[in-house]
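Engineer: Sharing a structure with you now.
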Amino acid sequence: MGTKLTISRGEFLKLSATTGAGLVLGLYLPWKNQLAAQADQTFKPNVWVSIDTSGTVTIVMHRSEFGQKVWTSLPMILAEELEADWSRVQVVQGDLNPVYGGQSTGGSASVRTSYDKLRKAGAAAREMLISAAAQTWNVDRGECRAESGAVIHSPTGRKLGYGELVETAATLPIPEEVPLKDPKDFKIIGKSLKSLDGAAKIDGSVIYGLDFKLPGMLTAAVARCPVFGGTVASYDDSKARTVPGVRHIVPISSGVAVVADDTWSALEGRKALKVTWNEGAHARLSSEDISRTLREAAEKDGRSLRVAGDAEAALAQAETKLEVGYEVPYLDHATMEPMNCTAQVDKSSCEIWVPTQNPAAAHNAAQEITGLPDEAIKVHTLRMGGGFGRRLANDYARDAVEVAQAVTGPVKVLRTRDEDIQHGIYRPASYHHLKGGLDRKGNPLAWIHRASGPANAGFMIGPDSATYGIDLPYTIPNIHTSDITSELPVPAGPWRSVANTQLAFANESFIDELAHAARKDPYEFRRAYIKDHPRLLGVLELAAEKAGWGRRLPKGRYQGIAAHGCFRSYAAIVAEVSVDRRGRVTVHKMVCAVDCGIVINPDGVRSQVEGGITLGLTAALHGAITLEKGRVQQSNFHNYKLLTMRESPVIETYIVPSAQPPTGIGEPPVPPTPPAVTNAIYAATGIRIRRLPIDPKELQKG
C-alpha cells in the first residue's frame with residue numbers, strides 16, 4: 001500500500017522549476033485537458049501559470065473555491081507580479097497533485113500561504129518574457145519593461161504582446177532569484193475586481209458536485225443508523241430490489257447503500273429497505289446528558305494551558321469576585337449543497353470527483369480502502385455550495401469509494417438535507433467555568449478559565465493561528481487557563497473559526513461582566529488592558545469610532561462590543577440591538593473593523609466579513625443541534641434555522657490599512673459576533689446571556 005501524499009520543499013522547488021512542453025515526465029497535469037490543443041504553443045514557466053499565443057493567461061487554482069472568492073484573489077496575486085492584462089486572465093481548477101504543496105482549504109490560509117509563492121511564480125514568468133523581448137529586439141534587457149500583458153522597449157516605444165513572446169520565452173532558463181514589486185506599485189492587488197467566476201455562477205455553467213454527471217453513472221443513497229456509533233444488525237432488501245431502477249444493495253462501513261439508475265430510485269429503494277440497527281451504548285443519550293457531563297468536567301482539574309502568577313491566591317484577595325459559566329451547543333455546518341461524491345474504482349485505478357476542501361483526505365481514504373498506490377488514485381476537486389469546515393472531512397468520499405468498489409462504473413453517493421443535518425460532523429459543544437477578581441479601583445487582578453468539551457474541541461490552538469482564544473490578550477497579572485476533555489460519541493470537527501467561536505463568546509462576555517462590575521465603560525475597560533496588542537487595539541478603536549460608541553442612539557437601541565484575534569488577523573464588532581417585551585431580539589446594525597494585513601481584494605474582504613457575521617448571528621440567535629434518545633432532533637431548515645434576510649442587519653465593514661503580509665479573513669469576524677450581540681442585550685435589559693442560542697423567554701419583561 002502506498003503512503004499518504006507528501007512532498008518535500010526541495011522536491012516542490014524542483015518540480016516548480018520545470019518548463020517547456022513537459023512539466024515532469026509522467027506527472028499528471030491538472031490543466032492538460034483544457035490546454036491540450038495548444039500544448040506546443042504554450043509558455044509554462046511553472047505549475048501555476050501558462051500563456052498561449054493569443055496572450056491568454058491561464059492560472060491554475062490549487063485551492064478549493066466555495067464562496068470565499070479565492071478564484072479571484074489568488075489569480076490577482078500572480079497577475080500582479082506577471083503584469084498581466086486582467087481582461088485576458090482565466091482560471092482552471094487544479095486537481096490533487098503534490099507539486100502544488102498543501103491543497104487543503106481551511107484555517108483562512110489560502111491567501112496567507114499562497115501569497116509569496118504566487119508572487120514569485122508571476123515574477124519569474126514576467127522576467128522571462130522581458131528577456132524574450134530583449135532577445136527578439138536584440139536590445140539591452142534593462143531597456144525593457146512589462147506592462148499590462150506586453151513588454152515595452154522604453155527608448156523606442158516598441159511593444160510585443162505576451163502571446164508573441166511565448167515561443168522564445170519557453171526556451172529560456174528559469175531565473176532563480178526574481179525581483180518582486182514594491183507594494184506601492186501594485187495595480188491589481190488592493191482593488192475591488194469583479195469575480196472571475198461571477199458570470200459562470202449566474203449562467204449556471206459552474207459544475208457543482210451535485211450537478212456532476214458521467215456517462216453510465218449510477219446514484220446511491222445510504223441508510224445510516226440514527227444513533228451515533230450504531231451498526232447494522234441485519235437488513236432485508238427484498239422490497240428494495242423491486243423498486244424500478246434499483247440495481248444493487250451494498251453494505252458499507254457507514255450503513256447500507258441502495259444503488260440505482262437515478263436519485264429518485266435510490267431514495268425510494270432506501271425507503272423500501274428494512275434495516276435492523278444495533279443502536280449501541282448511546283441509544284439513550286440526550287443533550288441534557290451532554291450538558292451535565294461538560295459541566296461536571298469543568299469542576300475538575302484539567303490540563304493547564306497558561307499560568308501567570310497565582311490566580312487563586314489573587315482571587316481570594318480581590319475586592320470584587322465573579323464566578324459564572326458559559327455554554328454553547330453543537331452546531332451543524334448546514335451547507336446549501338449537501339455532501340456528495342462520485343467515484344469509479346477498478347482493480348488498477350480509482351478516480352474521484354468530489355466537492356472538497358481537502359482533496360488529500362479523499363485520496364488517503366481511497367488508498368486505505370482500495371490499497372492502490374498513490375499514482376493510481378486521481379482526485380478531481382469540484383466546486384461546492386458551501387464548506388465552513390465540513391468538507392475538510394473524508395467521510396462522504398469514503399462512502400463513494402466503498403460503493404464504487406462494489407459495482408461496475410461510476411457512482412455518485414449523495415445525501416439529502418435531513419441526512420446531512422442528522423449525520424454531520426458538528427462544531428463541538430462546550431462549557432466554560434470562569435472566575436475573576438477586581439481590586440478596589442476596579443482593576444482586574446485574576447482570571448481563571450476552565451474550558452470543558454469533547455476530546456477534539458481544540459481549545460489549545462497553536463501559535464500559527466495567532467489566536468488569543470483561551471490565551472487571553474488582556475493584561476491581567478494572574479491568569480490560569482485550562483481545559484478538560486470528555487469522551488462523547490457525537491462526531492465533531494472544524495467549524496468556521498473552530499474553537500475561537502466558543503472561546504470568544506466566553507472571554508468577551510466575561511470581560512464585559514468585569515467591566516460592568518468595575519462600573520467602567522466596556523469599551524474603555526477593554527482598551528485599557530490590551531495596549532500590549534496594538535493591532536487588536538487598532539480594530540477595537542476603529543469599530544468604536546465608526547459605530548459612534550457612547551453617542552445617543554435611537555430610542556430602545558443599545559450597543560455591545562467584542563474583539564478577538566485569530567488566524568493572524570483581528571476583528572472588533574459593535575452590535576446595535578433592541579429587545580421587545582416578548583424578549584425578541586432585533587439586531588439593527590453590526591459595525592466591524594478588521595486588520596488582515598495587505599488586502600488583495602477589498603470586495604472579497606467585505607464579503608467574508610458579511611458572511612462571517614451572518615453565520616455568527618445564526619449561531620447566536622438560532623443554532624443548536626440537540627439529541628434525544630441518541631438521535632439528532634433537527635432535520636431541515638424548519639427546525640435548524642438560519643438567519644433570514646428579514647433578520648439580517650446592516651453590516652458596515654472597515655479595513656485597517658496595513659503593510660503586513662496578508663492573513664486570514666474568512667473566519668476572524670465570526671468569533672466576536674455572538675458576544676457583541678449578547679453584550680448589547682445586557683446593556684438593553686440588564687440580563688446576561690450565558691448560554692447560546694439566545695432564548696427569548698429569558699428576556700421577557702413583565
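Letters A, B, ... mark the chains of the C-alpha cells in the order given; residue numbers begin at 1 per chain; ligand numbers begin at 1, in order shown.
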Can you pull out every residue from range 350-390 of chain A that DSSP, working from the backbone, puts in strand (DSSP E), and format the result as a list in words?

Structural biologist: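 Strand (DSSP E) members of range 350-390 of chain A, listed: Cys350, Glu351, Ile352, Trp353, Val354, Ile377, Lys378, Val379, His380 and Thr381 of chain A.
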
Engineer: To one decimal place, how far is CA of His433 in chain A from CA of Ile484 in chain A in Å?

Structural biologist: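 Those two atoms sit 11.1 Å apart.
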
Engineer: Leaving out Val677 in chain A and any residue of its chain fewer than 4 positions from it, which residues lie within 9 Å of it when counting only C-alpha atoms, given as a ChimeraX atom specification?

Structural biologist: /A:559-562,574-577,587,590,617,620,672-673,681-682

Engineer: Next, the residues of the selection above should be written as a short mmCIF file (atom, residue, chain, number, x, y, z; two decimals), in the first residue's frame with C-alpha atoms.

Structural biologist:
data_model
loop_
_atom_site.label_atom_id
_atom_site.label_comp_id
_atom_site.auth_asym_id
_atom_site.auth_seq_id
_atom_site.Cartn_x
_atom_site.Cartn_y
_atom_site.Cartn_z
CA GLN A 559 -24.74 48.73 21.83
CA GLY A 560 -22.39 45.91 22.76
CA ILE A 561 -18.77 45.43 21.79
CA ALA A 562 -16.37 42.50 21.38
CA VAL A 574 -20.07 46.79 17.74
CA ALA A 575 -23.61 45.41 17.67
CA GLU A 576 -26.68 47.63 17.88
CA VAL A 577 -29.77 45.80 19.12
CA VAL A 587 -30.05 43.20 15.52
CA MET A 590 -23.15 45.38 13.03
CA LEU A 617 -25.67 35.68 14.12
CA ALA A 620 -26.29 33.41 18.42
CA PRO A 672 -16.76 38.33 18.18
CA THR A 673 -20.27 38.34 16.65
CA ILE A 681 -28.60 42.66 25.13
CA TYR A 682 -27.19 43.15 28.62
#

Engineer: Would you please work out which residue, of A:Val632, A:Val401, A:Leu118, A:Ala334, is nearest to Gly386 in chain A when using only C-alpha atoms?

Structural biologist: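 Using only C-alpha atoms, Gly386 in chain A sits closest to A:Ala334.
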
Engineer: Report the distance between CA of Pro662 in chain A and CA of Phe186 in chain A in Å, rounded to one decimal place.

Structural biologist: 14.2 Å

Engineer: Could you pull out the residues in range 348-514 of chain A that DSSP calls helix (DSSP H, G or I) from the backbone, as a VMD selection string?

Structural biologist: chain A and resid 359 to 370 374 to 376 390 to 392 395 to 406 417 to 422 463 to 465 500 to 514

Engineer: Hey, can you spit out that residue selection with C-alpha atoms as an mmCIF file, in the first residue's frame?

Structural biologist:
data_model
loop_
_atom_site.group_PDB
_atom_site.id
_atom_site.type_symbol
_atom_site.label_atom_id
_atom_site.label_comp_id
_atom_site.auth_asym_id
_atom_site.auth_seq_id
_atom_site.Cartn_x
_atom_site.Cartn_y
_atom_site.Cartn_z
ATOM 1 C CA PRO A 359 -8.606 16.547 -1.719
ATOM 2 C CA ALA A 360 -5.725 14.773 0.036
ATOM 3 C CA ALA A 361 -8.190 13.444 2.631
ATOM 4 C CA ALA A 362 -10.272 11.918 -0.159
ATOM 5 C CA HIS A 363 -7.127 10.429 -1.693
ATOM 6 C CA ASN A 364 -5.960 8.943 1.585
ATOM 7 C CA ALA A 365 -9.392 7.454 2.304
ATOM 8 C CA ALA A 366 -9.435 5.882 -1.155
ATOM 9 C CA GLN A 367 -5.962 4.482 -0.666
ATOM 10 C CA GLU A 368 -6.876 2.975 2.673
ATOM 11 C CA ILE A 369 -9.974 1.325 1.179
ATOM 12 C CA THR A 370 -8.542 0.133 -2.141
ATOM 13 C CA ASP A 374 -0.566 6.892 -4.968
ATOM 14 C CA GLU A 375 -0.297 7.240 -8.714
ATOM 15 C CA ALA A 376 -3.324 5.003 -9.336
ATOM 16 C CA ARG A 390 -17.450 20.447 6.887
ATOM 17 C CA ARG A 391 -15.775 19.476 3.643
ATOM 18 C CA LEU A 392 -12.392 19.020 5.287
ATOM 19 C CA ASP A 395 -16.465 10.516 5.335
ATOM 20 C CA TYR A 396 -18.576 11.178 2.251
ATOM 21 C CA ALA A 397 -15.665 10.376 -0.089
ATOM 22 C CA ARG A 398 -15.171 7.142 1.819
ATOM 23 C CA ASP A 399 -18.822 6.222 1.198
ATOM 24 C CA ALA A 400 -18.425 6.760 -2.543
ATOM 25 C CA VAL A 401 -15.222 4.732 -2.835
ATOM 26 C CA GLU A 402 -16.672 1.830 -0.858
ATOM 27 C CA VAL A 403 -19.791 1.727 -3.035
ATOM 28 C CA ALA A 404 -17.827 2.172 -6.269
ATOM 29 C CA GLN A 405 -15.564 -0.707 -5.325
ATOM 30 C CA ALA A 406 -18.602 -2.995 -5.232
ATOM 31 C CA ARG A 417 -30.786 17.627 3.609
ATOM 32 C CA ASP A 418 -32.183 15.724 6.593
ATOM 33 C CA GLU A 419 -29.488 13.068 6.278
ATOM 34 C CA ASP A 420 -26.803 15.743 6.083
ATOM 35 C CA ILE A 421 -28.010 17.500 9.233
ATOM 36 C CA GLN A 422 -28.583 14.326 11.226
ATOM 37 C CA PRO A 463 0.761 29.730 17.718
ATOM 38 C CA ASP A 464 0.419 29.508 13.937
ATOM 39 C CA SER A 465 -3.196 30.559 14.334
ATOM 40 C CA ASN A 500 -12.364 30.587 18.575
ATOM 41 C CA THR A 501 -16.127 30.818 18.199
ATOM 42 C CA GLN A 502 -16.584 29.195 21.618
ATOM 43 C CA LEU A 503 -13.720 30.867 23.436
ATOM 44 C CA ALA A 504 -14.510 34.372 22.230
ATOM 45 C CA PHE A 505 -18.088 34.066 23.479
ATOM 46 C CA ALA A 506 -16.853 33.144 26.953
ATOM 47 C CA ASN A 507 -13.933 35.581 27.101
ATOM 48 C CA GLU A 508 -15.632 38.613 25.584
ATOM 49 C CA SER A 509 -18.756 38.117 27.670
ATOM 50 C CA PHE A 510 -16.805 37.724 30.901
ATOM 51 C CA ILE A 511 -14.548 40.726 30.274
ATOM 52 C CA ASP A 512 -17.787 42.659 29.750
ATOM 53 C CA GLU A 513 -19.077 41.381 33.077
ATOM 54 C CA LEU A 514 -15.894 42.506 34.802
#

Engineer: Can you tell me, as a ChimeraX atom specification, what residues are no more than 10 Å from Arg145 in chain A when counting only C-alpha atoms, ignoring any on the same chain fewer than 6 positions away?

Structural biologist: /A:83,126-127,129-131,133-134,151-154,159

Engineer: Once you have the residues from the selection above, write them out as a short mmCIF file (atom, residue, chain, number, x, y, z; two decimals), in the first residue's frame, restricted to C-alpha atoms.

Structural biologist:
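The resulting file, result_19.cif, is reproduced below:
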data_model
loop_
_atom_site.label_atom_id
_atom_site.label_comp_id
_atom_site.auth_asym_id
_atom_site.auth_seq_id
_atom_site.Cartn_x
_atom_site.Cartn_y
_atom_site.Cartn_z
CA GLU A 83 1.97 42.41 -15.16
CA ARG A 126 7.44 38.26 -16.19
CA GLU A 127 11.23 38.29 -16.13
CA LEU A 129 9.05 37.39 -21.03
CA ILE A 130 11.12 40.55 -20.67
CA SER A 131 14.24 38.58 -21.55
CA ALA A 133 11.51 40.52 -25.84
CA ALA A 134 15.06 41.85 -25.38
CA VAL A 151 6.75 44.09 -22.97
CA ILE A 152 7.69 47.63 -23.99
CA HIS A 153 11.07 48.88 -25.21
CA SER A 154 11.27 52.17 -23.36
CA LYS A 159 5.71 46.68 -27.88
#

Engineer: If you measure from CA of Arg224 in chain A to CA of Leu643 in chain A, what distance in Å do you get, rounded to one decimal?

Structural biologist: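 If I compute the distance from CA of Arg224 in chain A to CA of Leu643 in chain A, I get 29.0 Å.
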